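Structure file data-v1.cif with mmCIF, N, CA and C atoms:
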data_input
loop_
_atom_site.label_atom_id
_atom_site.label_comp_id
_atom_site.auth_asym_id
_atom_site.auth_seq_id
_atom_site.Cartn_x
_atom_site.Cartn_y
_atom_site.Cartn_z
N MET C 1 -4.37 0.10 8.87
CA MET C 1 -3.11 -0.46 9.32
C MET C 1 -3.09 -1.95 8.97
N VAL C 2 -1.91 -2.44 8.66
CA VAL C 2 -1.67 -3.85 8.39
C VAL C 2 -0.62 -4.32 9.40
N THR C 3 -0.85 -5.50 9.95
CA THR C 3 0.11 -6.05 10.89
C THR C 3 0.50 -7.46 10.47
N MET C 4 1.79 -7.77 10.62
CA MET C 4 2.28 -9.12 10.43
C MET C 4 2.37 -9.73 11.81
N HIS C 5 1.79 -10.91 11.96
CA HIS C 5 1.85 -11.62 13.23
C HIS C 5 2.64 -12.89 13.05
N GLY C 6 3.41 -13.24 14.06
CA GLY C 6 4.17 -14.48 14.06
C GLY C 6 3.98 -15.21 15.37
N LEU C 7 3.78 -16.51 15.29
CA LEU C 7 3.67 -17.38 16.45
C LEU C 7 4.78 -18.41 16.35
N PHE C 8 5.44 -18.70 17.46
CA PHE C 8 6.59 -19.60 17.41
C PHE C 8 7.04 -19.98 18.81
N ASP C 9 7.94 -20.94 18.86
CA ASP C 9 8.65 -21.31 20.08
C ASP C 9 10.12 -20.97 19.90
N LEU C 10 10.79 -20.72 20.99
CA LEU C 10 12.23 -20.50 20.96
C LEU C 10 12.95 -21.84 21.07
N LYS C 11 14.13 -21.91 20.45
CA LYS C 11 14.94 -23.12 20.56
C LYS C 11 15.34 -23.34 22.02
N PRO C 12 15.53 -24.60 22.40
CA PRO C 12 15.98 -24.88 23.77
C PRO C 12 17.25 -24.09 24.10
N GLY C 13 17.26 -23.51 25.27
CA GLY C 13 18.43 -22.76 25.73
C GLY C 13 18.43 -21.30 25.33
N ILE C 14 17.52 -20.89 24.45
CA ILE C 14 17.45 -19.48 24.05
C ILE C 14 16.55 -18.73 25.04
N GLU C 15 17.09 -17.71 25.65
CA GLU C 15 16.32 -16.89 26.59
C GLU C 15 15.48 -15.87 25.82
N PRO C 16 14.27 -15.58 26.31
CA PRO C 16 13.43 -14.57 25.64
C PRO C 16 14.15 -13.24 25.41
N GLY C 17 14.98 -12.83 26.35
CA GLY C 17 15.70 -11.57 26.19
C GLY C 17 16.64 -11.56 25.00
N ALA C 18 17.25 -12.71 24.71
CA ALA C 18 18.15 -12.80 23.56
C ALA C 18 17.36 -12.66 22.26
N TYR C 19 16.18 -13.30 22.21
CA TYR C 19 15.35 -13.14 21.03
C TYR C 19 14.86 -11.69 20.92
N GLN C 20 14.43 -11.14 22.03
CA GLN C 20 13.91 -9.76 22.02
C GLN C 20 14.96 -8.79 21.49
N ASP C 21 16.21 -8.97 21.89
CA ASP C 21 17.28 -8.10 21.40
C ASP C 21 17.43 -8.23 19.88
N ALA C 22 17.43 -9.48 19.38
CA ALA C 22 17.59 -9.71 17.94
C ALA C 22 16.39 -9.17 17.16
N PHE C 23 15.18 -9.41 17.67
CA PHE C 23 13.96 -8.93 17.03
C PHE C 23 13.95 -7.40 17.00
N GLY C 24 14.34 -6.78 18.12
CA GLY C 24 14.39 -5.32 18.17
C GLY C 24 15.35 -4.74 17.15
N ALA C 25 16.53 -5.33 17.02
CA ALA C 25 17.52 -4.85 16.04
C ALA C 25 16.96 -4.97 14.62
N PHE C 26 16.32 -6.10 14.33
CA PHE C 26 15.70 -6.33 13.02
C PHE C 26 14.63 -5.27 12.74
N CYS C 27 13.75 -5.05 13.69
CA CYS C 27 12.65 -4.10 13.50
C CYS C 27 13.13 -2.66 13.45
N ARG C 28 14.13 -2.31 14.27
CA ARG C 28 14.67 -0.94 14.20
C ARG C 28 15.24 -0.66 12.81
N HIS C 29 15.92 -1.65 12.24
CA HIS C 29 16.45 -1.48 10.89
C HIS C 29 15.31 -1.26 9.89
N LEU C 30 14.25 -2.07 9.99
CA LEU C 30 13.11 -1.90 9.08
C LEU C 30 12.44 -0.54 9.27
N LYS C 31 12.38 -0.07 10.50
CA LYS C 31 11.80 1.26 10.76
C LYS C 31 12.71 2.34 10.15
N ASP C 32 14.02 2.21 10.34
CA ASP C 32 14.95 3.18 9.77
C ASP C 32 14.86 3.24 8.25
N GLN C 33 14.48 2.12 7.63
CA GLN C 33 14.33 2.07 6.18
C GLN C 33 12.95 2.58 5.74
N GLY C 34 12.08 2.89 6.70
CA GLY C 34 10.77 3.44 6.38
C GLY C 34 9.67 2.42 6.14
N TYR C 35 9.90 1.16 6.49
CA TYR C 35 8.90 0.13 6.24
C TYR C 35 7.88 -0.06 7.35
N VAL C 36 8.33 -0.03 8.60
CA VAL C 36 7.45 -0.37 9.72
C VAL C 36 7.26 0.82 10.65
N THR C 37 6.15 0.77 11.37
CA THR C 37 5.84 1.85 12.32
C THR C 37 5.92 1.41 13.77
N GLY C 38 5.89 0.12 14.03
CA GLY C 38 5.97 -0.37 15.39
C GLY C 38 6.04 -1.88 15.44
N TRP C 39 6.29 -2.42 16.63
CA TRP C 39 6.40 -3.87 16.81
C TRP C 39 6.25 -4.21 18.28
N SER C 40 6.00 -5.49 18.53
CA SER C 40 5.97 -5.98 19.90
C SER C 40 6.34 -7.46 19.93
N PHE C 41 6.84 -7.88 21.07
CA PHE C 41 7.22 -9.27 21.33
C PHE C 41 6.52 -9.66 22.62
N MET C 42 5.74 -10.72 22.57
CA MET C 42 4.95 -11.12 23.74
C MET C 42 5.06 -12.62 23.98
N ARG C 43 4.83 -12.98 25.22
CA ARG C 43 4.77 -14.39 25.62
C ARG C 43 3.31 -14.74 25.86
N ARG C 44 2.92 -15.94 25.45
CA ARG C 44 1.56 -16.41 25.68
C ARG C 44 1.33 -16.56 27.18
N SER C 45 0.15 -16.19 27.63
CA SER C 45 -0.22 -16.28 29.03
C SER C 45 -1.45 -17.18 29.14
N PRO C 46 -1.24 -18.49 29.23
CA PRO C 46 -2.38 -19.42 29.27
C PRO C 46 -3.38 -19.09 30.38
N HIS C 47 -4.65 -19.28 30.06
CA HIS C 47 -5.73 -19.01 31.00
C HIS C 47 -6.83 -20.02 30.77
N ALA C 48 -7.21 -20.72 31.79
CA ALA C 48 -8.18 -21.82 31.67
C ALA C 48 -9.51 -21.39 31.06
N ARG C 49 -9.96 -20.18 31.34
CA ARG C 49 -11.27 -19.76 30.83
C ARG C 49 -11.18 -18.90 29.56
N TYR C 50 -10.15 -18.09 29.42
CA TYR C 50 -10.02 -17.29 28.20
C TYR C 50 -9.67 -18.14 26.99
N ASP C 51 -8.81 -19.11 27.17
CA ASP C 51 -8.28 -19.88 26.05
C ASP C 51 -9.34 -20.75 25.39
N ARG C 52 -9.49 -20.60 24.09
CA ARG C 52 -10.34 -21.44 23.25
C ARG C 52 -9.59 -21.66 21.94
N ASN C 53 -9.24 -22.89 21.64
CA ASN C 53 -8.47 -23.20 20.43
C ASN C 53 -7.21 -22.34 20.32
N SER C 54 -6.58 -22.14 21.43
CA SER C 54 -5.41 -21.26 21.47
C SER C 54 -4.21 -21.92 20.80
N PRO C 55 -3.26 -21.09 20.35
CA PRO C 55 -2.06 -21.66 19.74
C PRO C 55 -1.26 -22.43 20.80
N LYS C 56 -0.52 -23.40 20.35
CA LYS C 56 0.32 -24.18 21.26
C LYS C 56 1.69 -23.55 21.44
N THR C 57 2.01 -22.57 20.63
CA THR C 57 3.31 -21.90 20.71
C THR C 57 3.34 -20.92 21.88
N ALA C 58 4.53 -20.61 22.33
CA ALA C 58 4.69 -19.78 23.52
C ALA C 58 4.86 -18.29 23.22
N PHE C 59 5.30 -17.93 22.02
CA PHE C 59 5.64 -16.53 21.76
C PHE C 59 4.91 -15.97 20.54
N HIS C 60 4.76 -14.66 20.56
CA HIS C 60 4.05 -13.92 19.50
C HIS C 60 4.81 -12.64 19.21
N VAL C 61 4.94 -12.33 17.93
CA VAL C 61 5.47 -11.02 17.52
C VAL C 61 4.45 -10.33 16.64
N ARG C 62 4.51 -9.02 16.65
CA ARG C 62 3.65 -8.20 15.80
C ARG C 62 4.53 -7.11 15.20
N ILE C 63 4.39 -6.92 13.89
CA ILE C 63 5.07 -5.82 13.20
C ILE C 63 4.01 -5.01 12.49
N ASP C 64 3.98 -3.71 12.73
CA ASP C 64 2.96 -2.82 12.18
C ASP C 64 3.47 -2.09 10.94
N PHE C 65 2.61 -2.03 9.94
CA PHE C 65 2.88 -1.30 8.70
C PHE C 65 1.77 -0.27 8.51
N PRO C 66 2.06 0.86 7.89
CA PRO C 66 1.02 1.86 7.68
C PRO C 66 -0.08 1.39 6.72
N ASP C 67 0.30 0.53 5.76
CA ASP C 67 -0.68 0.06 4.78
C ASP C 67 -0.14 -1.19 4.08
N ARG C 68 -0.97 -1.75 3.22
CA ARG C 68 -0.62 -2.99 2.52
C ARG C 68 0.58 -2.81 1.60
N SER C 69 0.68 -1.67 0.94
CA SER C 69 1.80 -1.47 0.02
C SER C 69 3.13 -1.46 0.76
N GLN C 70 3.17 -0.89 1.96
CA GLN C 70 4.40 -0.89 2.75
C GLN C 70 4.72 -2.31 3.24
N ALA C 71 3.69 -3.07 3.60
CA ALA C 71 3.90 -4.46 4.01
C ALA C 71 4.49 -5.27 2.86
N GLU C 72 3.97 -5.06 1.66
CA GLU C 72 4.47 -5.77 0.47
C GLU C 72 5.91 -5.35 0.15
N ALA C 73 6.18 -4.06 0.24
CA ALA C 73 7.53 -3.56 -0.03
C ALA C 73 8.52 -4.13 0.98
N CYS C 74 8.11 -4.21 2.24
CA CYS C 74 8.97 -4.76 3.28
C CYS C 74 9.23 -6.25 3.02
N TYR C 75 8.20 -6.97 2.62
CA TYR C 75 8.37 -8.39 2.31
C TYR C 75 9.43 -8.57 1.22
N ARG C 76 9.34 -7.77 0.18
CA ARG C 76 10.32 -7.87 -0.92
C ARG C 76 11.73 -7.54 -0.42
N TYR C 77 11.84 -6.54 0.45
CA TYR C 77 13.14 -6.14 1.00
C TYR C 77 13.75 -7.29 1.81
N VAL C 78 12.94 -7.91 2.67
CA VAL C 78 13.43 -9.02 3.50
C VAL C 78 13.75 -10.23 2.62
N ALA C 79 12.89 -10.54 1.66
CA ALA C 79 13.08 -11.70 0.80
C ALA C 79 14.32 -11.58 -0.08
N ALA C 80 14.75 -10.35 -0.37
CA ALA C 80 15.96 -10.17 -1.17
C ALA C 80 17.19 -10.73 -0.47
N ASN C 81 17.13 -10.83 0.87
CA ASN C 81 18.18 -11.47 1.65
C ASN C 81 19.54 -10.81 1.44
N ASP C 82 19.55 -9.49 1.34
CA ASP C 82 20.77 -8.74 1.10
C ASP C 82 21.29 -8.08 2.37
N GLU C 83 22.53 -7.65 2.31
CA GLU C 83 23.13 -6.85 3.39
C GLU C 83 22.47 -5.47 3.36
N PRO C 84 22.32 -4.81 4.45
CA PRO C 84 22.75 -5.17 5.79
C PRO C 84 21.69 -5.94 6.59
N LEU C 85 20.54 -6.24 5.99
CA LEU C 85 19.46 -6.88 6.73
C LEU C 85 19.73 -8.37 6.99
N ARG C 86 20.40 -9.04 6.08
CA ARG C 86 20.56 -10.48 6.18
C ARG C 86 21.08 -10.96 7.54
N PRO C 87 22.18 -10.40 8.08
CA PRO C 87 22.66 -10.90 9.37
C PRO C 87 21.66 -10.66 10.51
N LEU C 88 20.89 -9.59 10.42
CA LEU C 88 19.88 -9.32 11.45
C LEU C 88 18.76 -10.37 11.39
N HIS C 89 18.35 -10.70 10.17
CA HIS C 89 17.29 -11.69 9.96
C HIS C 89 17.77 -13.08 10.40
N VAL C 90 18.99 -13.44 10.04
CA VAL C 90 19.56 -14.74 10.41
C VAL C 90 19.69 -14.84 11.93
N ALA C 91 20.16 -13.78 12.58
CA ALA C 91 20.33 -13.79 14.04
C ALA C 91 19.00 -13.99 14.74
N MET C 92 17.95 -13.37 14.23
CA MET C 92 16.62 -13.49 14.82
C MET C 92 16.05 -14.88 14.55
N ASN C 93 16.02 -15.30 13.30
CA ASN C 93 15.41 -16.58 12.93
C ASN C 93 16.16 -17.78 13.50
N GLY C 94 17.45 -17.63 13.74
CA GLY C 94 18.23 -18.72 14.29
C GLY C 94 17.87 -19.07 15.72
N LYS C 95 17.03 -18.27 16.34
CA LYS C 95 16.63 -18.50 17.72
C LYS C 95 15.28 -19.20 17.86
N VAL C 96 14.60 -19.43 16.75
CA VAL C 96 13.25 -20.01 16.81
C VAL C 96 13.23 -21.43 16.26
N VAL C 97 12.24 -22.20 16.72
CA VAL C 97 12.02 -23.55 16.20
C VAL C 97 11.21 -23.40 14.91
N ALA C 98 11.85 -23.64 13.78
CA ALA C 98 11.21 -23.40 12.48
C ALA C 98 9.90 -24.16 12.32
N ALA C 99 9.84 -25.37 12.83
CA ALA C 99 8.64 -26.19 12.65
C ALA C 99 7.42 -25.63 13.38
N THR C 100 7.63 -24.71 14.32
CA THR C 100 6.50 -24.16 15.08
C THR C 100 6.05 -22.80 14.56
N THR C 101 6.76 -22.23 13.60
CA THR C 101 6.46 -20.86 13.19
C THR C 101 5.24 -20.77 12.29
N GLN C 102 4.46 -19.75 12.56
CA GLN C 102 3.31 -19.38 11.74
C GLN C 102 3.36 -17.87 11.55
N PHE C 103 3.17 -17.41 10.34
CA PHE C 103 3.14 -15.97 10.05
C PHE C 103 1.91 -15.65 9.23
N PHE C 104 1.32 -14.48 9.49
CA PHE C 104 0.15 -14.07 8.74
C PHE C 104 -0.03 -12.56 8.89
N LEU C 105 -0.72 -11.98 7.90
CA LEU C 105 -1.06 -10.55 7.93
C LEU C 105 -2.50 -10.38 8.37
N LEU C 106 -2.74 -9.33 9.12
CA LEU C 106 -4.09 -8.89 9.45
C LEU C 106 -4.21 -7.44 9.03
N GLU C 107 -5.39 -7.07 8.59
CA GLU C 107 -5.64 -5.72 8.09
C GLU C 107 -6.83 -5.11 8.83
N THR C 108 -6.70 -3.84 9.19
CA THR C 108 -7.79 -3.15 9.85
C THR C 108 -9.02 -3.13 8.96
N VAL C 109 -10.16 -3.43 9.53
CA VAL C 109 -11.43 -3.39 8.79
C VAL C 109 -11.90 -1.93 8.75
N PRO C 110 -12.19 -1.40 7.55
CA PRO C 110 -12.65 -0.01 7.47
C PRO C 110 -13.93 0.21 8.26
N GLY C 111 -14.08 1.41 8.76
CA GLY C 111 -15.27 1.77 9.54
C GLY C 111 -14.96 1.78 11.01
N ASP C 112 -15.98 2.06 11.80
CA ASP C 112 -15.80 2.16 13.23
C ASP C 112 -15.46 0.82 13.84
N GLY C 113 -16.21 -0.21 13.51
CA GLY C 113 -15.94 -1.55 13.99
C GLY C 113 -16.01 -1.70 15.50
N GLY C 114 -16.54 -0.69 16.19
CA GLY C 114 -16.66 -0.77 17.64
C GLY C 114 -15.38 -0.49 18.38
N SER C 115 -14.34 -0.01 17.68
CA SER C 115 -13.06 0.25 18.31
C SER C 115 -13.17 1.40 19.30
N THR C 116 -12.51 1.24 20.42
CA THR C 116 -12.49 2.31 21.43
C THR C 116 -11.13 2.94 21.54
N GLY C 117 -10.20 2.56 20.71
CA GLY C 117 -8.88 3.15 20.79
C GLY C 117 -7.91 2.48 19.85
N ASN C 118 -6.67 2.92 19.90
CA ASN C 118 -5.63 2.35 19.05
C ASN C 118 -5.02 1.13 19.72
N MET C 119 -4.48 0.26 18.87
CA MET C 119 -3.76 -0.91 19.39
C MET C 119 -2.38 -0.50 19.81
#

Can you dump the structure from the file as structure tokens?
Amino acid sequence: MVTMHGLFDLKPGIEPGAYQDAFGAFCRHLKDQGYVTGWSFMRRSPHARYDRNSPKTAFHVRIDFPDRSQAEACYRYVAANDEPLRPLHVAMNGKVVAATTQFFLLETVPGDGGSTGNM
């Protein structure tokens, strides 16, 4: 599995629920197109003892892809900036502070890796 992770802050006055609605619409469209298998939207929960070099941003998103080729295909689809995805992407991105955004892919390491279950 490959996952895209995003860290960011919301613009002042934007409620988490408004972002969640926009993110959900964006991800449902990508799922309907066959690119993604799942997603989540989370808020950082600071903890004095758990936190070590933690991000300063408040929010995190995760988008799951079945494999690297689907992640690449999805990237090309989003980057094309065409209808009907464009307004969904603009509505979602318009709610975040661009200067705080970080995006990256993570890939499952082959083998057992000590995993006790699915994410």

Identify all residues satisfying the PyMOL selection byres ((chain C and resi 101) around 8) in the given file; provide them as JSON, numbers by chain. {"C": [6, 7, 8, 9, 57, 96, 97, 98, 99, 100, 102, 103, 104]}

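Put simply, atom CA of C:Tyr19 is 7.3 Å away from atom N of C:Met92.
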
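Backbone DSSP over stretch 14-115 of chain C yields strand (DSSP E or B) at Gly38, Trp39, Ser40, Phe41, Met42, Arg43, Phe59, His60, Val61, Arg62, Ile63, Asp64, Phe65, Val96, Gln102, Phe103, Phe104, Leu105, Leu106 and Glu107 of chain C.
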
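Relative to atom CA of C:Lys56, atom CA of C:Ala25 is found at 26.4 Å.
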
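In this structure, atom CA of C:Val2 sits 7.2 Å away from atom C of C:Arg68.
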
Taking all atoms listed in the file into account, name the residue in C:Cys27, C:Ala22, C:Ala48, C:Leu106 that is nearest to C:Thr3. C:Leu106

When the PyMOL selection byres (((chain C and resi 89 and name CA) around 10) and name CA) is applied to the file above, which residues end up in the set, as a compact mmCIF listing (two decimals) with N, CA and C atoms, in the coordinates of the input?
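Heads up, here's the output in part19.txt:
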# COMPACT_ATOMS: atom_id res chain seq x y z
N ALA C 22 17.43 -9.48 19.38
CA ALA C 22 17.59 -9.71 17.94
C ALA C 22 16.39 -9.17 17.16
N PHE C 23 15.18 -9.41 17.67
CA PHE C 23 13.96 -8.93 17.03
C PHE C 23 13.95 -7.40 17.00
N ALA C 25 16.53 -5.33 17.02
CA ALA C 25 17.52 -4.85 16.04
C ALA C 25 16.96 -4.97 14.62
N PHE C 26 16.32 -6.10 14.33
CA PHE C 26 15.70 -6.33 13.02
C PHE C 26 14.63 -5.27 12.74
N CYS C 27 13.75 -5.05 13.69
CA CYS C 27 12.65 -4.10 13.50
C CYS C 27 13.13 -2.66 13.45
N VAL C 78 12.94 -7.91 2.67
CA VAL C 78 13.43 -9.02 3.50
C VAL C 78 13.75 -10.23 2.62
N ASN C 81 17.13 -10.83 0.87
CA ASN C 81 18.18 -11.47 1.65
C ASN C 81 19.54 -10.81 1.44
N ASP C 82 19.55 -9.49 1.34
CA ASP C 82 20.77 -8.74 1.10
C ASP C 82 21.29 -8.08 2.37
N PRO C 84 22.32 -4.81 4.45
CA PRO C 84 22.75 -5.17 5.79
C PRO C 84 21.69 -5.94 6.59
N LEU C 85 20.54 -6.24 5.99
CA LEU C 85 19.46 -6.88 6.73
C LEU C 85 19.73 -8.37 6.99
N ARG C 86 20.40 -9.04 6.08
CA ARG C 86 20.56 -10.48 6.18
C ARG C 86 21.08 -10.96 7.54
N PRO C 87 22.18 -10.40 8.08
CA PRO C 87 22.66 -10.90 9.37
C PRO C 87 21.66 -10.66 10.51
N LEU C 88 20.89 -9.59 10.42
CA LEU C 88 19.88 -9.32 11.45
C LEU C 88 18.76 -10.37 11.39
N VAL C 90 18.99 -13.44 10.04
CA VAL C 90 19.56 -14.74 10.41
C VAL C 90 19.69 -14.84 11.93
N ALA C 91 20.16 -13.78 12.58
CA ALA C 91 20.33 -13.79 14.04
C ALA C 91 19.00 -13.99 14.74
N MET C 92 17.95 -13.37 14.23
CA MET C 92 16.62 -13.49 14.82
C MET C 92 16.05 -14.88 14.55
N ASN C 93 16.02 -15.30 13.30
CA ASN C 93 15.41 -16.58 12.93
C ASN C 93 16.16 -17.78 13.50
N GLY C 94 17.45 -17.63 13.74
CA GLY C 94 18.23 -18.72 14.29
C GLY C 94 17.87 -19.07 15.72

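The residue set within 5 Å of stretch 33-45 of chain C, counting all atoms listed in the file and dropping same-chain residues fewer than 4 places from it, reads C:His29, C:Ala58, C:Phe59, C:His60, C:Val61, C:Arg62, C:Ile63, C:Asp64, C:Phe65.
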
Keeping only N, CA and C atoms, take the residues you just selected and write them out as a short mmCIF file (atom, residue, chain, number, x, y, z; two decimals), in the coordinates of the input.
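Printed below is part_11.cif as written:
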data_model
loop_
_atom_site.label_atom_id
_atom_site.label_comp_id
_atom_site.auth_asym_id
_atom_site.auth_seq_id
_atom_site.Cartn_x
_atom_site.Cartn_y
_atom_site.Cartn_z
N HIS C 29 15.92 -1.65 12.24
CA HIS C 29 16.45 -1.48 10.89
C HIS C 29 15.31 -1.26 9.89
N ALA C 58 4.53 -20.61 22.33
CA ALA C 58 4.69 -19.78 23.52
C ALA C 58 4.86 -18.29 23.22
N PHE C 59 5.30 -17.93 22.02
CA PHE C 59 5.64 -16.53 21.76
C PHE C 59 4.91 -15.97 20.54
N HIS C 60 4.76 -14.66 20.56
CA HIS C 60 4.05 -13.92 19.50
C HIS C 60 4.81 -12.64 19.21
N VAL C 61 4.94 -12.33 17.93
CA VAL C 61 5.47 -11.02 17.52
C VAL C 61 4.45 -10.33 16.64
N ARG C 62 4.51 -9.02 16.65
CA ARG C 62 3.65 -8.20 15.80
C ARG C 62 4.53 -7.11 15.20
N ILE C 63 4.39 -6.92 13.89
CA ILE C 63 5.07 -5.82 13.20
C ILE C 63 4.01 -5.01 12.49
N ASP C 64 3.98 -3.71 12.73
CA ASP C 64 2.96 -2.82 12.18
C ASP C 64 3.47 -2.09 10.94
N PHE C 65 2.61 -2.03 9.94
CA PHE C 65 2.88 -1.30 8.70
C PHE C 65 1.77 -0.27 8.51
#

Hey, which of C:Gln70, C:Asn53, C:Gln20, C:Thr108 ends up closest to C:Met1? Count all atoms listed in the file. C:Thr108

Is it possible to add N, CA, C and O atoms to stretch 27-45 of chain C and hand it back as a PDB file, in the frame of the given file?
ATOM      1  N   CYS C  27      13.750  -5.050  13.690  1.00  0.00           N
ATOM      2  CA  CYS C  27      12.650  -4.100  13.500  1.00  0.00           C
ATOM      3  C   CYS C  27      13.130  -2.660  13.450  1.00  0.00           C
ATOM      4  O   CYS C  27      12.606  -1.858  12.668  1.00  0.00           O
ATOM      5  N   ARG C  28      14.130  -2.310  14.270  1.00  0.00           N
ATOM      6  CA  ARG C  28      14.670  -0.940  14.200  1.00  0.00           C
ATOM      7  C   ARG C  28      15.240  -0.660  12.810  1.00  0.00           C
ATOM      8  O   ARG C  28      15.064   0.436  12.268  1.00  0.00           O
ATOM      9  N   HIS C  29      15.920  -1.650  12.240  1.00  0.00           N
ATOM     10  CA  HIS C  29      16.450  -1.480  10.890  1.00  0.00           C
ATOM     11  C   HIS C  29      15.310  -1.260   9.890  1.00  0.00           C
ATOM     12  O   HIS C  29      15.388  -0.356   9.046  1.00  0.00           O
ATOM     13  N   LEU C  30      14.250  -2.070   9.990  1.00  0.00           N
ATOM     14  CA  LEU C  30      13.110  -1.900   9.080  1.00  0.00           C
ATOM     15  C   LEU C  30      12.440  -0.540   9.270  1.00  0.00           C
ATOM     16  O   LEU C  30      12.002   0.078   8.302  1.00  0.00           O
ATOM     17  N   LYS C  31      12.380  -0.070  10.500  1.00  0.00           N
ATOM     18  CA  LYS C  31      11.800   1.260  10.760  1.00  0.00           C
ATOM     19  C   LYS C  31      12.710   2.340  10.150  1.00  0.00           C
ATOM     20  O   LYS C  31      12.209   3.280   9.521  1.00  0.00           O
ATOM     21  N   ASP C  32      14.020   2.210  10.340  1.00  0.00           N
ATOM     22  CA  ASP C  32      14.950   3.180   9.770  1.00  0.00           C
ATOM     23  C   ASP C  32      14.860   3.240   8.250  1.00  0.00           C
ATOM     24  O   ASP C  32      15.120   4.289   7.655  1.00  0.00           O
ATOM     25  N   GLN C  33      14.480   2.120   7.630  1.00  0.00           N
ATOM     26  CA  GLN C  33      14.330   2.070   6.180  1.00  0.00           C
ATOM     27  C   GLN C  33      12.950   2.580   5.740  1.00  0.00           C
ATOM     28  O   GLN C  33      12.678   2.668   4.546  1.00  0.00           O
ATOM     29  N   GLY C  34      12.080   2.890   6.700  1.00  0.00           N
ATOM     30  CA  GLY C  34      10.770   3.440   6.380  1.00  0.00           C
ATOM     31  C   GLY C  34       9.670   2.420   6.140  1.00  0.00           C
ATOM     32  O   GLY C  34       8.583   2.784   5.675  1.00  0.00           O
ATOM     33  N   TYR C  35       9.900   1.160   6.490  1.00  0.00           N
ATOM     34  CA  TYR C  35       8.900   0.130   6.240  1.00  0.00           C
ATOM     35  C   TYR C  35       7.880  -0.060   7.350  1.00  0.00           C
ATOM     36  O   TYR C  35       6.712  -0.274   7.099  1.00  0.00           O
ATOM     37  N   VAL C  36       8.330  -0.030   8.600  1.00  0.00           N
ATOM     38  CA  VAL C  36       7.450  -0.370   9.720  1.00  0.00           C
ATOM     39  C   VAL C  36       7.260   0.820  10.650  1.00  0.00           C
ATOM     40  O   VAL C  36       8.086   1.730  10.712  1.00  0.00           O
ATOM     41  N   THR C  37       6.150   0.770  11.370  1.00  0.00           N
ATOM     42  CA  THR C  37       5.840   1.850  12.320  1.00  0.00           C
ATOM     43  C   THR C  37       5.920   1.410  13.770  1.00  0.00           C
ATOM     44  O   THR C  37       5.993   2.243  14.665  1.00  0.00           O
ATOM     45  N   GLY C  38       5.890   0.120  14.030  1.00  0.00           N
ATOM     46  CA  GLY C  38       5.970  -0.370  15.390  1.00  0.00           C
ATOM     47  C   GLY C  38       6.040  -1.880  15.440  1.00  0.00           C
ATOM     48  O   GLY C  38       5.871  -2.551  14.416  1.00  0.00           O
ATOM     49  N   TRP C  39       6.290  -2.420  16.630  1.00  0.00           N
ATOM     50  CA  TRP C  39       6.400  -3.870  16.810  1.00  0.00           C
ATOM     51  C   TRP C  39       6.250  -4.210  18.280  1.00  0.00           C
ATOM     52  O   TRP C  39       6.372  -3.351  19.144  1.00  0.00           O
ATOM     53  N   SER C  40       6.000  -5.490  18.530  1.00  0.00           N
ATOM     54  CA  SER C  40       5.970  -5.980  19.900  1.00  0.00           C
ATOM     55  C   SER C  40       6.340  -7.460  19.930  1.00  0.00           C
ATOM     56  O   SER C  40       6.182  -8.169  18.936  1.00  0.00           O
ATOM     57  N   PHE C  41       6.840  -7.880  21.070  1.00  0.00           N
ATOM     58  CA  PHE C  41       7.220  -9.270  21.330  1.00  0.00           C
ATOM     59  C   PHE C  41       6.520  -9.660  22.620  1.00  0.00           C
ATOM     60  O   PHE C  41       6.669  -8.976  23.636  1.00  0.00           O
ATOM     61  N   MET C  42       5.740 -10.720  22.570  1.00  0.00           N
ATOM     62  CA  MET C  42       4.950 -11.120  23.740  1.00  0.00           C
ATOM     63  C   MET C  42       5.060 -12.620  23.980  1.00  0.00           C
ATOM     64  O   MET C  42       5.299 -13.386  23.057  1.00  0.00           O
ATOM     65  N   ARG C  43       4.830 -12.980  25.220  1.00  0.00           N
ATOM     66  CA  ARG C  43       4.770 -14.390  25.620  1.00  0.00           C
ATOM     67  C   ARG C  43       3.310 -14.740  25.860  1.00  0.00           C
ATOM     68  O   ARG C  43       2.548 -13.945  26.421  1.00  0.00           O
ATOM     69  N   ARG C  44       2.920 -15.940  25.450  1.00  0.00           N
ATOM     70  CA  ARG C  44       1.560 -16.410  25.680  1.00  0.00           C
ATOM     71  C   ARG C  44       1.330 -16.560  27.180  1.00  0.00           C
ATOM     72  O   ARG C  44       2.218 -16.987  27.917  1.00  0.00           O
ATOM     73  N   SER C  45       0.150 -16.190  27.630  1.00  0.00           N
ATOM     74  CA  SER C  45      -0.220 -16.280  29.030  1.00  0.00           C
ATOM     75  C   SER C  45      -1.450 -17.180  29.140  1.00  0.00           C
ATOM     76  O   SER C  45      -2.585 -16.700  29.121  1.00  0.00           O
TER      77      SER C  45
END
